[in-house]
Amino acid sequence: MENCLFCKFVSGEFKTEIVFENDDFIIIKDIAPKAKNHFLAIPKKHFKYLAEMTQEDSALVGRILKTIPTLADKLELGEGYRLVINQGDDAGQTVPHLHIHVLSGQKMEWNPA
C-alpha cells in the first residue's frame, strides 16, 4: 500500500532496525514502548483487519504466532510475554496494517479500562 508506514519498512524505503526477518514478516522495536521490551511483528503482506484475512493470510498469521516463541532469547521473552493485536481506531490501531505487539520484560497487570 502506497502510504503505509509499515509497508515502507518492509520494502526498505524507510530504514528501521529489523530485529528479525523471514519471508513472511519482520520484527522491529516499537518507537513508543509500552513495556520494558516492546516489539512489532509486521506481516510483509498488507492488510488492516483480521476480518479481511484470506485463508493464505490466516496461515501467515499462524506462522508468525508459531515463530515468536522460537525467538525467546532475541526478543527477551523471559518469564512470559503478551501479544496484542489492535483492531480499529477505538482499539488504538494507529497504523492501518495488521501487526502484533510483543511485550515482555516485566510483570504486566491487566487493566482494560
# chains A, B, ... in the order shown; residues from 1 in each chain; ligands from 1
>>> residues_around(residues="Lys36 in chain A", least_positions_apart="3", cutoff="12 Å", atoms="only C-alpha atoms", output="list in words")
Lys29, Asp30, Ala32, Pro33, Phe39, Leu75, Glu76, Leu77, Gly78, Tyr81, Arg82, Val102, Leu103, Ser104, Gly105, Gln106, Lys107 and Met108 of chain A
>>> residues_around(residues="Gln93 in chain A", least_positions_apart="6", cutoff="12 Å", atoms="only C-alpha atoms", output="list in words")
Lys48, Tyr49, Val84, Ile85, Asn86, Gln87, His99, Ile100 and His101 of chain A
>>> write_last_selection(atoms="all heavy atoms", output="mmCIF file, in the first residue's frame")
data_model
loop_
_atom_site.group_PDB
_atom_site.id
_atom_site.type_symbol
_atom_site.label_atom_id
_atom_site.label_comp_id
_atom_site.auth_asym_id
_atom_site.auth_seq_id
_atom_site.Cartn_x
_atom_site.Cartn_y
_atom_site.Cartn_z
ATOM 1 N N LYS A 48 -5.330 -4.753 6.864
ATOM 2 C CA LYS A 48 -5.540 -4.000 8.110
ATOM 3 C C LYS A 48 -6.200 -4.826 9.209
ATOM 4 O O LYS A 48 -5.782 -4.769 10.358
ATOM 5 C CB LYS A 48 -6.384 -2.760 7.822
ATOM 6 C CG LYS A 48 -6.623 -1.888 9.050
ATOM 7 C CD LYS A 48 -7.363 -0.606 8.712
ATOM 8 C CE LYS A 48 -7.588 0.234 9.960
ATOM 9 N NZ LYS A 48 -8.272 1.499 9.678
ATOM 10 N N TYR A 49 -7.226 -5.577 8.864
ATOM 11 C CA TYR A 49 -8.032 -6.234 9.886
ATOM 12 C C TYR A 49 -7.979 -7.753 9.780
ATOM 13 O O TYR A 49 -7.873 -8.305 8.685
ATOM 14 C CB TYR A 49 -9.500 -5.810 9.768
ATOM 15 C CG TYR A 49 -9.746 -4.355 10.020
ATOM 16 C CD1 TYR A 49 -10.274 -3.537 9.026
ATOM 17 C CD2 TYR A 49 -9.460 -3.793 11.251
ATOM 18 C CE1 TYR A 49 -10.519 -2.196 9.260
ATOM 19 C CE2 TYR A 49 -9.697 -2.443 11.496
ATOM 20 C CZ TYR A 49 -10.223 -1.652 10.496
ATOM 21 O OH TYR A 49 -10.456 -0.325 10.731
ATOM 22 N N VAL A 84 -0.516 -8.576 21.472
ATOM 23 C CA VAL A 84 -1.686 -7.708 21.324
ATOM 24 C C VAL A 84 -1.861 -7.376 19.847
ATOM 25 O O VAL A 84 -0.892 -7.006 19.174
ATOM 26 C CB VAL A 84 -1.511 -6.394 22.128
ATOM 27 C CG1 VAL A 84 -2.689 -5.457 21.912
ATOM 28 C CG2 VAL A 84 -1.302 -6.680 23.607
ATOM 29 N N ILE A 85 -3.104 -7.501 19.366
ATOM 30 C CA ILE A 85 -3.451 -7.059 18.022
ATOM 31 C C ILE A 85 -4.588 -6.053 18.164
ATOM 32 O O ILE A 85 -5.705 -6.414 18.538
ATOM 33 C CB ILE A 85 -3.893 -8.227 17.119
ATOM 34 C CG1 ILE A 85 -2.784 -9.267 16.989
ATOM 35 C CG2 ILE A 85 -4.304 -7.694 15.741
ATOM 36 C CD1 ILE A 85 -3.191 -10.514 16.213
ATOM 37 N N ASN A 86 -4.303 -4.791 17.914
ATOM 38 C CA ASN A 86 -5.325 -3.751 17.955
ATOM 39 C C ASN A 86 -6.068 -3.743 16.629
ATOM 40 O O ASN A 86 -5.456 -3.821 15.568
ATOM 41 C CB ASN A 86 -4.697 -2.382 18.217
ATOM 42 C CG ASN A 86 -3.993 -2.313 19.552
ATOM 43 O OD1 ASN A 86 -4.427 -2.913 20.527
ATOM 44 N ND2 ASN A 86 -2.888 -1.598 19.605
ATOM 45 N N GLN A 87 -7.384 -3.629 16.699
ATOM 46 C CA GLN A 87 -8.231 -3.661 15.508
ATOM 47 C C GLN A 87 -9.126 -2.428 15.483
ATOM 48 O O GLN A 87 -10.155 -2.386 16.151
ATOM 49 C CB GLN A 87 -9.085 -4.941 15.497
ATOM 50 C CG GLN A 87 -8.270 -6.212 15.336
ATOM 51 C CD GLN A 87 -7.793 -6.385 13.906
ATOM 52 O OE1 GLN A 87 -8.477 -6.962 13.085
ATOM 53 N NE2 GLN A 87 -6.622 -5.870 13.608
ATOM 54 N N HIS A 99 -0.567 -5.776 12.635
ATOM 55 C CA HIS A 99 0.709 -6.052 13.286
ATOM 56 C C HIS A 99 0.435 -6.581 14.681
ATOM 57 O O HIS A 99 -0.630 -6.369 15.240
ATOM 58 C CB HIS A 99 1.609 -4.816 13.328
ATOM 59 C CG HIS A 99 0.980 -3.614 13.971
ATOM 60 N ND1 HIS A 99 0.007 -2.852 13.334
ATOM 61 C CD2 HIS A 99 1.179 -3.039 15.178
ATOM 62 C CE1 HIS A 99 -0.352 -1.857 14.134
ATOM 63 N NE2 HIS A 99 0.339 -1.962 15.264
ATOM 64 N N ILE A 100 1.401 -7.287 15.209
ATOM 65 C CA ILE A 100 1.266 -7.916 16.522
ATOM 66 C C ILE A 100 2.284 -7.287 17.456
ATOM 67 O O ILE A 100 3.487 -7.310 17.182
ATOM 68 C CB ILE A 100 1.493 -9.436 16.431
ATOM 69 C CG1 ILE A 100 0.500 -10.069 15.443
ATOM 70 C CG2 ILE A 100 1.400 -10.088 17.820
ATOM 71 C CD1 ILE A 100 0.832 -11.490 15.043
ATOM 72 N N HIS A 101 1.803 -6.715 18.554
ATOM 73 C CA HIS A 101 2.684 -6.184 19.580
ATOM 74 C C HIS A 101 3.181 -7.355 20.435
ATOM 75 O O HIS A 101 2.379 -8.192 20.858
ATOM 76 C CB HIS A 101 1.938 -5.200 20.485
ATOM 77 C CG HIS A 101 1.470 -3.974 19.776
ATOM 78 N ND1 HIS A 101 2.156 -2.789 19.822
ATOM 79 C CD2 HIS A 101 0.379 -3.745 18.993
ATOM 80 C CE1 HIS A 101 1.522 -1.885 19.110
ATOM 81 N NE2 HIS A 101 0.430 -2.451 18.592
#
>>> select_by_dssp(residues="range 28-113 of chain A", states="strand (DSSP E)", output="PyMOL selection string")
chain A and resi 28-29+37-43+81-84+100-104
>>> write_last_selection(atoms="C-alpha atoms", output="tab-separated table (two decimals), in the first residue's frame")
chain	number	residue	atom	x	y	z
A	28	ILE	CA	11.12	-4.21	14.82
A	29	LYS	CA	11.35	-2.36	18.14
A	37	ASN	CA	10.62	-4.87	25.77
A	38	HIS	CA	8.15	-3.91	23.06
A	39	PHE	CA	8.42	-5.26	19.52
A	40	LEU	CA	6.13	-5.24	16.49
A	41	ALA	CA	5.72	-8.30	14.27
A	42	ILE	CA	4.66	-6.92	10.88
A	43	PRO	CA	3.48	-9.17	8.02
A	81	TYR	CA	5.08	-12.18	27.27
A	82	ARG	CA	1.93	-10.59	25.96
A	83	LEU	CA	0.73	-10.47	22.35
A	84	VAL	CA	-1.69	-7.71	21.32
A	100	ILE	CA	1.27	-7.92	16.52
A	101	HIS	CA	2.68	-6.18	19.58
A	102	VAL	CA	5.09	-8.40	21.55
A	103	LEU	CA	5.55	-7.10	25.11
A	104	SER	CA	7.83	-8.60	27.76
>>> closest_residue(among="A:Lys74, A:Lys34, A:Arg63, A:His97", to="Phe9 in chain A", atoms="only C-alpha atoms")
A:His97
>>> select_by_dssp(residues="range 43-86 of chain A", states="alpha helix (DSSP H)", output="list of chain:residue names")
A:Gln55, A:Glu56, A:Asp57, A:Ser58, A:Ala59, A:Leu60, A:Val61, A:Gly62, A:Arg63, A:Ile64, A:Leu65, A:Lys66, A:Thr67
>>> write_last_selection(atoms="N, CA, C and O atoms", output="mmCIF file, in the first residue's frame")
data_model
loop_
_atom_site.group_PDB
_atom_site.id
_atom_site.type_symbol
_atom_site.label_atom_id
_atom_site.label_comp_id
_atom_site.auth_asym_id
_atom_site.auth_seq_id
_atom_site.Cartn_x
_atom_site.Cartn_y
_atom_site.Cartn_z
ATOM 1 N N GLN A 55 -7.623 -17.124 3.473
ATOM 2 C CA GLN A 55 -7.066 -18.354 4.063
ATOM 3 C C GLN A 55 -5.549 -18.262 4.127
ATOM 4 O O GLN A 55 -4.936 -18.660 5.108
ATOM 5 N N GLU A 56 -4.948 -17.736 3.056
ATOM 6 C CA GLU A 56 -3.494 -17.577 2.996
ATOM 7 C C GLU A 56 -2.999 -16.631 4.086
ATOM 8 O O GLU A 56 -1.992 -16.883 4.740
ATOM 9 N N ASP A 57 -3.722 -15.512 4.294
ATOM 10 C CA ASP A 57 -3.353 -14.558 5.339
ATOM 11 C C ASP A 57 -3.461 -15.193 6.717
ATOM 12 O O ASP A 57 -2.625 -14.959 7.594
ATOM 13 N N SER A 58 -4.496 -15.987 6.919
ATOM 14 C CA SER A 58 -4.691 -16.682 8.188
ATOM 15 C C SER A 58 -3.519 -17.616 8.479
ATOM 16 O O SER A 58 -3.011 -17.667 9.603
ATOM 17 N N ALA A 59 -3.064 -18.333 7.451
ATOM 18 C CA ALA A 59 -1.900 -19.206 7.614
ATOM 19 C C ALA A 59 -0.648 -18.385 7.914
ATOM 20 O O ALA A 59 0.188 -18.780 8.736
ATOM 21 N N LEU A 60 -0.521 -17.216 7.286
ATOM 22 C CA LEU A 60 0.601 -16.318 7.534
ATOM 23 C C LEU A 60 0.634 -15.885 8.995
ATOM 24 O O LEU A 60 1.671 -15.957 9.668
ATOM 25 N N VAL A 61 -0.505 -15.440 9.514
ATOM 26 C CA VAL A 61 -0.582 -15.021 10.923
ATOM 27 C C VAL A 61 -0.250 -16.202 11.837
ATOM 28 O O VAL A 61 0.453 -16.055 12.840
ATOM 29 N N GLY A 62 -0.708 -17.380 11.481
ATOM 30 C CA GLY A 62 -0.377 -18.584 12.248
ATOM 31 C C GLY A 62 1.122 -18.837 12.281
ATOM 32 O O GLY A 62 1.681 -19.180 13.326
ATOM 33 N N ARG A 63 1.799 -18.645 11.155
ATOM 34 C CA ARG A 63 3.260 -18.831 11.114
ATOM 35 C C ARG A 63 3.969 -17.791 11.979
ATOM 36 O O ARG A 63 4.959 -18.093 12.647
ATOM 37 N N ILE A 64 3.452 -16.573 11.967
ATOM 38 C CA ILE A 64 4.040 -15.530 12.828
ATOM 39 C C ILE A 64 3.904 -15.934 14.289
ATOM 40 O O ILE A 64 4.868 -15.894 15.055
ATOM 41 N N LEU A 65 2.695 -16.338 14.684
ATOM 42 C CA LEU A 65 2.460 -16.741 16.076
ATOM 43 C C LEU A 65 3.318 -17.942 16.467
ATOM 44 O O LEU A 65 3.772 -18.042 17.605
ATOM 45 N N LYS A 66 3.546 -18.841 15.537
ATOM 46 C CA LYS A 66 4.371 -20.025 15.797
ATOM 47 C C LYS A 66 5.852 -19.655 15.917
ATOM 48 O O LYS A 66 6.595 -20.267 16.681
ATOM 49 N N THR A 67 6.289 -18.629 15.193
ATOM 50 C CA THR A 67 7.700 -18.233 15.190
ATOM 51 C C THR A 67 8.082 -17.418 16.424
ATOM 52 O O THR A 67 9.200 -17.558 16.935
#
>>> atom_distance(atom1="CA of Ile31 in chain A", atom2="CA of Glu13 in chain A")
17.6 Å
>>> closest_residue(among="A:Ala72, A:Ala91, A:Cys7, A:Ala35", to="Phe47 in chain A", atoms="only C-alpha atoms")
A:Cys7
>>> atom_distance(atom1="CA of Glu17 in chain A", atom2="CA of Ile68 in chain A")
17.4 Å
>>> atom_distance(atom1="CA of Ile26 in chain A", atom2="CA of Lys44 in chain A")
7.1 Å
>>> decode(residues="range 69-91 of chain A", atoms="N, CA and C atoms", output="CSV table (one decimal), in the first residue's frame")
chain,number,residue,atom,x,y,z
A,69,PRO,N,7.6,-17.5,19.7
A,69,PRO,CA,8.2,-18.2,20.8
A,69,PRO,C,9.6,-18.8,20.5
A,70,THR,N,9.9,-19.0,19.3
A,70,THR,CA,11.2,-19.5,18.9
A,70,THR,C,12.3,-18.5,19.0
A,71,LEU,N,11.9,-17.2,19.2
A,71,LEU,CA,12.8,-16.1,19.3
A,71,LEU,C,12.9,-15.6,20.7
A,72,ALA,N,12.7,-16.4,21.7
A,72,ALA,CA,12.6,-16.0,23.1
A,72,ALA,C,13.9,-15.3,23.5
A,73,ASP,N,15.0,-15.7,23.1
A,73,ASP,CA,16.3,-15.0,23.5
A,73,ASP,C,16.4,-13.7,22.9
A,74,LYS,N,16.2,-13.6,21.6
A,74,LYS,CA,16.3,-12.4,20.8
A,74,LYS,C,15.3,-11.3,21.2
A,75,LEU,N,14.1,-11.8,21.6
A,75,LEU,CA,13.1,-10.8,22.0
A,75,LEU,C,13.0,-10.7,23.5
A,76,GLU,N,13.9,-11.3,24.2
A,76,GLU,CA,13.9,-11.2,25.7
A,76,GLU,C,12.5,-11.5,26.3
A,77,LEU,N,12.0,-12.7,25.9
A,77,LEU,CA,10.6,-13.0,26.4
A,77,LEU,C,10.6,-13.5,27.8
A,78,GLY,N,11.8,-13.9,28.4
A,78,GLY,CA,11.9,-14.2,29.8
A,78,GLY,C,10.8,-15.1,30.4
A,79,GLU,N,10.2,-14.6,31.4
A,79,GLU,CA,9.2,-15.4,32.2
A,79,GLU,C,7.8,-15.3,31.7
A,80,GLY,N,7.7,-14.6,30.5
A,80,GLY,CA,6.3,-14.5,29.9
A,80,GLY,C,6.3,-13.3,29.0
A,81,TYR,N,5.2,-13.3,28.2
A,81,TYR,CA,5.1,-12.2,27.3
A,81,TYR,C,3.6,-12.0,26.9
A,82,ARG,N,3.3,-10.9,26.4
A,82,ARG,CA,1.9,-10.6,26.0
A,82,ARG,C,1.9,-10.3,24.5
A,83,LEU,N,0.9,-10.8,23.8
A,83,LEU,CA,0.7,-10.5,22.3
A,83,LEU,C,-0.6,-9.7,22.2
A,84,VAL,N,-0.5,-8.6,21.5
A,84,VAL,CA,-1.7,-7.7,21.3
A,84,VAL,C,-1.9,-7.4,19.8
A,85,ILE,N,-3.1,-7.5,19.4
A,85,ILE,CA,-3.5,-7.1,18.0
A,85,ILE,C,-4.6,-6.1,18.2
A,86,ASN,N,-4.3,-4.8,17.9
A,86,ASN,CA,-5.3,-3.8,18.0
A,86,ASN,C,-6.1,-3.7,16.6
A,87,GLN,N,-7.4,-3.6,16.7
A,87,GLN,CA,-8.2,-3.7,15.5
A,87,GLN,C,-9.1,-2.4,15.5
A,88,GLY,N,-8.7,-1.4,14.7
A,88,GLY,CA,-9.5,-0.2,14.6
A,88,GLY,C,-9.1,0.9,15.5
A,89,ASP,N,-9.6,2.1,15.2
A,89,ASP,CA,-9.3,3.3,15.9
A,89,ASP,C,-9.6,3.2,17.4
A,90,ASP,N,-10.8,2.7,17.8
A,90,ASP,CA,-11.2,2.6,19.2
A,90,ASP,C,-10.3,1.7,20.0
A,91,ALA,N,-9.7,0.8,19.3
A,91,ALA,CA,-8.8,-0.2,20.0
A,91,ALA,C,-7.3,0.3,20.0
